[in-house]
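One file, target00.tsv, is given below (TSV, C-alpha atoms).
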chain	number	residue	atom	x	y	z
A	1	MET	CA	68.97	71.92	103.18
A	2	GLN	CA	65.39	70.67	102.79
A	3	LEU	CA	64.27	69.31	106.13
A	4	PHE	CA	61.82	66.44	106.53
A	5	PHE	CA	58.66	67.53	108.33
A	6	ARG	CA	55.18	66.51	109.34
A	7	GLN	CA	52.24	68.89	109.56
A	8	VAL	CA	49.36	68.53	111.99
A	9	GLY	CA	46.31	70.84	111.95
A	10	THR	CA	45.64	74.22	110.40
A	11	GLY	CA	45.80	77.78	111.68
A	12	GLN	CA	48.59	79.94	113.06
A	13	PRO	CA	51.96	78.37	112.15
A	14	LEU	CA	53.89	76.81	115.02
A	15	ILE	CA	57.20	75.02	114.44
A	16	ILE	CA	58.63	72.44	116.85
A	17	LEU	CA	62.27	71.35	116.89
A	18	HIS	CA	63.36	68.21	118.78
A	19	GLY	CA	66.50	67.72	120.83
A	20	LEU	CA	69.71	65.75	120.34
A	21	PHE	CA	69.13	62.12	119.27
A	22	GLY	CA	65.43	62.92	118.73
A	23	SER	CA	63.14	63.36	115.74
A	24	CYS	CA	59.83	64.92	114.80
A	25	ASP	CA	58.08	61.61	115.55
A	26	ASN	CA	58.75	62.17	119.27
A	27	TRP	CA	56.28	65.06	119.15
A	28	LEU	CA	53.44	63.53	117.12
A	29	THR	CA	51.08	62.78	120.01
A	30	ILE	CA	51.40	66.11	121.78
A	31	SER	CA	51.28	68.03	118.47
A	32	LYS	CA	47.69	66.86	117.94
A	33	THR	CA	46.67	68.41	121.26
A	34	ILE	CA	48.36	71.68	120.29
A	35	ALA	CA	46.81	71.65	116.80
A	36	ASP	CA	43.34	71.33	118.34
A	37	GLN	CA	43.84	74.83	119.78
A	38	GLY	CA	43.95	76.36	116.29
A	39	PHE	CA	47.56	75.90	115.18
A	40	ALA	CA	49.23	74.47	112.10
A	41	VAL	CA	51.98	72.51	113.82
A	42	TYR	CA	55.10	71.79	111.77
A	43	LEU	CA	57.31	69.06	113.24
A	44	LEU	CA	60.82	69.21	111.78
A	45	ASP	CA	63.68	66.73	111.72
A	46	GLN	CA	66.84	68.75	112.17
A	47	ARG	CA	69.88	67.95	110.02
A	48	ASN	CA	71.56	64.64	110.85
A	49	HIS	CA	68.41	63.44	112.61
A	50	GLY	CA	65.33	61.47	111.58
A	51	ARG	CA	64.61	61.54	107.86
A	52	SER	CA	66.32	64.86	107.11
A	53	PRO	CA	69.54	64.92	105.06
A	54	GLN	CA	72.82	64.02	106.70
A	55	ASN	CA	75.82	66.29	106.42
A	56	ASP	CA	79.31	66.38	107.90
A	57	ASP	CA	78.78	70.02	108.98
A	58	PHE	CA	76.80	70.41	112.19
A	59	ASN	CA	76.46	73.57	114.28
A	60	TYR	CA	73.78	75.99	115.46
A	61	GLY	CA	74.42	78.57	112.77
A	62	LEU	CA	73.71	75.95	110.10
A	63	MET	CA	70.67	74.60	111.94
A	64	ALA	CA	69.27	78.12	112.29
A	65	ALA	CA	69.82	78.63	108.56
A	66	ASP	CA	68.04	75.32	107.88
A	67	LEU	CA	65.08	76.62	109.87
A	68	GLN	CA	65.11	79.94	108.01
A	69	GLY	CA	65.11	78.05	104.71
A	70	PHE	CA	62.13	75.96	105.81
A	71	ILE	CA	60.15	79.06	106.83
A	72	ALA	CA	60.92	80.76	103.51
A	73	GLU	CA	60.16	77.65	101.44
A	74	HIS	CA	56.77	77.20	103.06
A	75	GLN	CA	56.03	80.94	103.10
A	76	LEU	CA	55.24	80.99	106.82
A	77	THR	CA	54.62	84.46	108.20
A	78	LYS	CA	56.06	85.04	111.67
A	79	PRO	CA	55.61	81.54	113.04
A	80	ILE	CA	55.80	80.60	116.71
A	81	LEU	CA	59.05	78.72	117.33
A	82	VAL	CA	59.28	75.93	119.91
A	83	GLY	CA	62.50	74.04	120.61
A	84	HIS	CA	63.47	71.44	123.20
A	85	SER	CA	67.07	71.05	124.42
A	86	MET	CA	69.26	71.20	121.27
A	87	GLY	CA	66.17	72.43	119.42
A	88	GLY	CA	65.89	75.17	122.04
A	89	LYS	CA	69.42	76.31	121.24
A	90	THR	CA	68.54	76.25	117.53
A	91	VAL	CA	65.51	78.50	117.93
A	92	MET	CA	67.47	80.85	120.19
A	93	GLN	CA	70.25	81.05	117.59
A	94	TYR	CA	67.60	81.65	114.93
A	95	ALA	CA	66.27	84.55	117.02
A	96	MET	CA	69.77	86.01	117.14
A	97	ASN	CA	70.41	85.63	113.41
A	98	TYR	CA	66.98	86.44	111.94
A	99	PRO	CA	65.29	89.18	114.00
A	100	ASN	CA	61.70	90.23	113.40
A	101	THR	CA	60.83	87.04	111.50
A	102	PHE	CA	58.92	85.17	114.22
A	103	HIS	CA	56.00	85.88	116.54
A	104	LYS	CA	56.96	84.21	119.82
A	105	LEU	CA	59.70	81.93	121.08
A	106	VAL	CA	59.39	78.90	123.38
A	107	VAL	CA	62.56	77.29	124.75
A	108	VAL	CA	62.11	74.02	126.61
A	109	ASP	CA	64.69	73.16	129.28
A	110	MET	CA	67.66	74.91	127.75
A	111	ALA	CA	69.58	78.10	128.58
A	112	PRO	CA	71.68	80.24	126.21
A	113	LYS	CA	74.85	79.30	128.12
A	114	PHE	CA	77.73	76.90	127.47
A	115	TYR	CA	77.18	73.26	128.49
A	116	PRO	CA	80.09	70.82	128.87
A	117	VAL	CA	79.95	67.54	126.92
A	118	HIS	CA	77.92	64.97	128.86
A	119	HIS	CA	76.81	62.46	126.21
A	120	THR	CA	80.12	60.58	125.88
A	121	ALA	CA	78.81	57.30	127.30
A	122	ILE	CA	75.73	57.37	125.07
A	123	LEU	CA	77.84	57.98	121.97
A	124	GLU	CA	80.16	55.12	122.94
A	125	GLY	CA	77.15	52.87	123.47
A	126	LEU	CA	75.60	53.71	120.12
A	127	ALA	CA	78.93	53.15	118.38
A	128	ALA	CA	79.27	49.76	120.10
A	129	VAL	CA	76.10	48.41	118.46
A	130	PRO	CA	77.27	46.21	115.53
A	131	LEU	CA	74.73	47.24	112.91
A	132	ALA	CA	75.99	44.86	110.23
A	133	THR	CA	75.48	41.77	112.39
A	134	LEU	CA	72.78	42.99	114.79
A	135	ALA	CA	70.00	40.42	115.16
A	136	SER	CA	67.35	42.39	117.06
A	137	ARG	CA	66.42	45.52	118.98
A	138	GLN	CA	66.70	43.51	122.17
A	139	ALA	CA	70.34	42.78	121.35
A	140	ALA	CA	70.97	46.48	120.75
A	141	ASP	CA	69.31	47.33	124.07
A	142	ALA	CA	71.49	44.82	125.89
A	143	ILE	CA	74.62	46.49	124.50
A	144	LEU	CA	73.37	50.00	125.27
A	145	ALA	CA	72.55	48.94	128.83
A	146	GLN	CA	76.29	48.64	129.46
A	147	TYR	CA	76.62	52.39	128.80
A	148	GLU	CA	73.21	53.83	129.79
A	149	PRO	CA	71.36	52.30	132.78
A	150	ASN	CA	68.12	54.29	132.32
A	151	VAL	CA	65.59	52.18	130.41
A	152	GLY	CA	63.60	55.23	129.29
A	153	VAL	CA	66.68	56.87	127.79
A	154	ARG	CA	67.59	53.66	125.98
A	155	GLN	CA	64.07	53.32	124.55
A	156	PHE	CA	64.31	56.93	123.34
A	157	LEU	CA	67.67	56.28	121.67
A	158	LEU	CA	66.51	53.04	120.07
A	159	LYS	CA	63.72	54.87	118.26
A	160	ASN	CA	66.52	55.84	115.87
A	161	LEU	CA	67.14	52.20	114.96
A	162	TYR	CA	65.47	51.06	111.74
A	163	ARG	CA	65.59	48.38	109.06
A	164	THR	CA	67.22	49.46	105.80
A	165	ASP	CA	65.93	48.40	102.38
A	166	ALA	CA	68.59	45.70	102.42
A	167	GLY	CA	67.18	44.28	105.65
A	168	ALA	CA	70.06	45.32	107.91
A	169	PHE	CA	69.79	47.71	110.83
A	170	GLY	CA	70.80	51.37	110.57
A	171	TRP	CA	70.70	54.60	112.59
A	172	ARG	CA	68.54	57.50	111.49
A	173	ILE	CA	70.99	59.82	113.24
A	174	ASN	CA	74.32	60.71	111.63
A	175	LEU	CA	76.38	59.21	114.44
A	176	PRO	CA	79.84	60.11	112.99
A	177	ALA	CA	78.91	63.79	112.51
A	178	ILE	CA	77.28	64.08	115.93
A	179	THR	CA	80.28	62.43	117.58
A	180	THR	CA	82.76	64.69	115.77
A	181	HIS	CA	80.87	67.88	116.61
A	182	ILE	CA	79.43	66.99	120.02
A	183	GLU	CA	81.30	69.87	121.69
A	184	LEU	CA	79.47	72.34	119.43
A	185	ILE	CA	76.11	71.14	120.81
A	186	GLY	CA	77.04	72.65	124.15
A	187	HIS	CA	78.29	75.98	122.82
A	188	ALA	CA	76.82	79.28	123.96
A	189	LEU	CA	74.87	81.35	121.44
A	190	GLN	CA	76.78	83.24	118.77
A	191	ASN	CA	75.98	86.68	117.30
A	192	GLN	CA	74.23	87.62	120.53
A	193	ARG	CA	71.69	90.45	120.57
A	194	ILE	CA	68.70	91.51	122.63
A	195	VAL	CA	65.58	89.58	121.58
A	196	SER	CA	62.51	91.78	121.96
A	197	GLU	CA	59.90	89.13	121.08
A	198	PRO	CA	57.99	87.47	123.96
A	199	THR	CA	59.80	84.30	125.01
A	200	LEU	CA	58.85	81.45	127.30
A	201	PHE	CA	61.58	79.46	129.03
A	202	MET	CA	59.96	76.26	130.26
A	203	ARG	CA	62.05	74.07	132.55
A	204	GLY	CA	61.59	70.82	134.43
A	205	GLN	CA	61.49	71.00	138.20
A	206	ASN	CA	63.78	67.98	138.43
A	207	SER	CA	66.16	69.06	135.68
A	208	ASP	CA	69.48	70.85	136.14
A	209	TYR	CA	69.62	72.32	132.64
A	210	VAL	CA	68.17	75.73	133.60
A	211	LEU	CA	69.23	76.81	137.09
A	212	ASP	CA	67.99	79.76	139.13
A	213	THR	CA	71.44	81.29	138.66
A	214	ASP	CA	70.92	81.23	134.87
A	215	ILE	CA	67.82	83.44	134.98
A	216	PRO	CA	69.61	86.84	135.20
A	217	ASP	CA	71.64	86.02	132.08
A	218	ILE	CA	68.51	84.81	130.28
A	219	LEU	CA	66.73	88.07	131.06
A	220	LYS	CA	69.65	90.12	129.73
A	221	LEU	CA	69.23	88.58	126.28
A	222	PHE	CA	65.47	87.97	126.47
A	223	PRO	CA	64.05	90.86	128.52
A	224	LYS	CA	60.46	89.81	127.76
A	225	ALA	CA	61.06	86.27	128.94
A	226	THR	CA	58.75	84.31	131.22
A	227	ILE	CA	60.24	81.46	133.25
A	228	ASP	CA	57.86	78.59	133.96
A	229	THR	CA	58.89	75.56	136.03
A	230	ILE	CA	56.87	72.40	135.36
A	231	ALA	CA	56.33	70.35	138.51
A	232	GLY	CA	57.36	66.71	138.38
A	233	ALA	CA	59.24	67.05	135.09
A	234	GLY	CA	62.85	66.36	134.29
A	235	HIS	CA	64.64	67.35	131.10
A	236	TRP	CA	62.03	65.77	128.80
A	237	VAL	CA	59.26	68.08	130.01
A	238	GLN	CA	56.82	67.36	127.19
A	239	ALA	CA	57.13	63.58	127.61
A	240	GLU	CA	57.15	63.42	131.40
A	241	GLN	CA	54.44	66.03	132.07
A	242	PRO	CA	52.54	66.51	128.78
A	243	GLU	CA	49.52	68.12	130.42
A	244	GLY	CA	51.69	70.60	132.28
A	245	PHE	CA	53.63	71.31	129.11
A	246	VAL	CA	50.51	72.05	127.04
A	247	THR	CA	48.96	74.15	129.82
A	248	SER	CA	52.11	76.29	130.10
A	249	LEU	CA	52.42	76.63	126.32
A	250	MET	CA	48.79	77.64	125.77
A	251	ARG	CA	48.84	80.11	128.66
A	252	PHE	CA	51.84	81.79	127.05
A	253	LEU	CA	50.45	81.79	123.51
A	254	GLN	CA	46.96	83.00	124.41
Please lay out the structure from this file as structure tokens.
Amino acid sequence: MQLFFRQVGTGQPLIILHGLFGSCDNWLTISKTIADQGFAVYLLDQRNHGRSPQNDDFNYGLMAADLQGFIAEHQLTKPILVGHSMGGKTVMQYAMNYPNTFHKLVVVDMAPKFYPVHHTAILEGLAAVPLATLASRQAADAILAQYEPNVGVRQFLLKNLYRTDAGAFGWRINLPAITTHIELIGHALQNQRIVSEPTLFMRGQNSDYVLDTDIPDILKLFPKATIDTIAGAGHWVQAEQPEGFVTSLMRFLQ
């Protein structure tokens, strides 16, 4: 699968993968700061997200293969891999499936463990938006508010709403595929092995995605891992504390 991407800067290749319901556009601003440090930053839309192709099949093995195909197609030599949330699981699965093909790994607010489904209300809210008759983004927000009270989360989700060529509204995410396979998004890593490459696990101080009790299991699979907790950040570390995110990332890479 050929993934849609944006490139910012030149230098050492660094690939960033977004999380569930996200897209490469979420990372545009912060990617410019990273690129200024001498990196060619590749922002990818994962399958069923953004402007990448949509497909009924959706799991981490496939997403890791999509990433491997992108690296091969663009002839990138041992890139740095950065993934947030679902993207973090993708880059970890890539590390399991394609050893010795990357330089360093950065996993943002995600552990290699199983997570139970916790996006049911959001999926119901997105499905409740009547795209064919929707008059405005404000109308979509009003519907979503019945399922998701957090304004910031709703604004993030509504970035996926766009006008089609026919003038109607549409989702850039493949909502049916995501809904069907939502349990797979929480699955633990498959084909597990010891990853010898240096790895940074960055977590938000106010997030419950990576707990202190998860660290021993992380270190079993990633013995060269560094755990960095970003003060004042929740799950969306890079959006809530961008300066702390970049500082942690550059300290690890340099």
Practice task
Write out as a list in words the residues lying within 8 Å of Lys224 in chain A, counting all atoms listed in the file and excluding same-chain residues fewer than 6 positions away.
Solution key: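 Residues meeting the cut-off are Ser196, Glu197, Pro198 and Thr199 of chain A.
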Let's have the selection written as a compact mmCIF listing (two decimals), keeping the file's coordinate frame, with C-alpha atoms.
# COMPACT_ATOMS: atom_id res chain seq x y z
CA SER A 196 62.51 91.78 121.96
CA GLU A 197 59.90 89.13 121.08
CA PRO A 198 57.99 87.47 123.96
CA THR A 199 59.80 84.30 125.01
Problem - Selected residue of minimal separation from Asp25 in chain A among A:Leu43, A:Leu161, A:Leu221, A:Leu253, counting all atoms listed in the file - result: A:Leu43
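With distances restricted to all atoms listed in the file, A:Pro99 is the closest residue to Arg193 in chain A from A:Pro116, A:Pro99, A:Pro176, A:Gly125.
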Practice task
For CA of Ile71 in chain A and CA of Ala225 in chain A, quote the distance in Å rounded to one decimal.
Solution key: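 A separation of 23.3 Å between them.
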Exercise for the section: Using all atoms listed in the file, determine which residues lie at most 6 Å from range 73-87 of chain A, disregarding the query and same-chain residues fewer than 5 positions distant; provide the list as a list in words. Expected result: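 Neighbouring residues, sequence-local ones excluded: Pro13, Leu14, Ile15, Ile16, Leu17, His18, Gly19, Leu20, Thr101, Phe102, His103, Lys104, Leu105, Val106, Val107, Val108, Asp109 and Met110 of chain A.
Distance annotation: of A:Phe58, A:Phe21, A:Phe252, A:Phe39, the residue with the minimal separation from Leu157 in chain A is A:Phe21; atom set is only C-alpha atoms.
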Exercise for the section: Considering only C-alpha atoms, return as a PyMOL selection string whatever protein or nucleic-acid residues lie within 12 Å of Ala121 in chain A, sequence-local ones (same chain, fewer than 6 positions apart) excluded. Expected result: chain A and resi 127-128+143-149+154+179
Exercise for the section: Provide the CA of Gln37 in chain A to CA of Phe245 in chain A distance in Å, to one decimal place. Expected result: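 CA of Phe245 in chain A lies 14.0 Å from CA of Gln37 in chain A.
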Exercise for the section: Report the distance between CA of Gly61 in chain A and CA of Pro216 in chain A in Å, rounded to one decimal place. Expected result: 24.4 Å
Handout entry: Neighbour list for Ala188 in chain A as a list in words, cut-off 7 Å, all atoms listed in the file, skip fewer than 4 positions in-chain
Key =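 Selected residues are Pro112, Lys113 and Phe114 of chain A.
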Problem - All residues 9 Å or closer to Ile227 in chain A, all atoms listed in the file, same chain fewer than 6 positions away omitted, as a list in words - result: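 The residues satisfying every condition are Thr199, Leu200, Phe201, Met202, Arg203 and Ile215 of chain A.
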Problem - Selected residue of minimal separation from Thr10 in chain A among A:Tyr42, A:Ile30, A:Cys24, A:Arg163, counting only C-alpha atoms - result: A:Tyr42
Practice task
May I ask which of the residues A:Tyr94, A:Phe70, A:Tyr162, A:Phe169 is the closest one to Leu189 in chain A, counting all atoms listed in the file?
Solution key: A:Tyr94
Practice task
Select, counting only C-alpha atoms, all protein, DNA and RNA residues no farther than 12 Å from (70.1, 78.3, 108.0) in file coordinates, and express the selection as a PyMOL selection string.
Solution key: chain A and resi 1-3+46-47+58-73+90-91+93-98
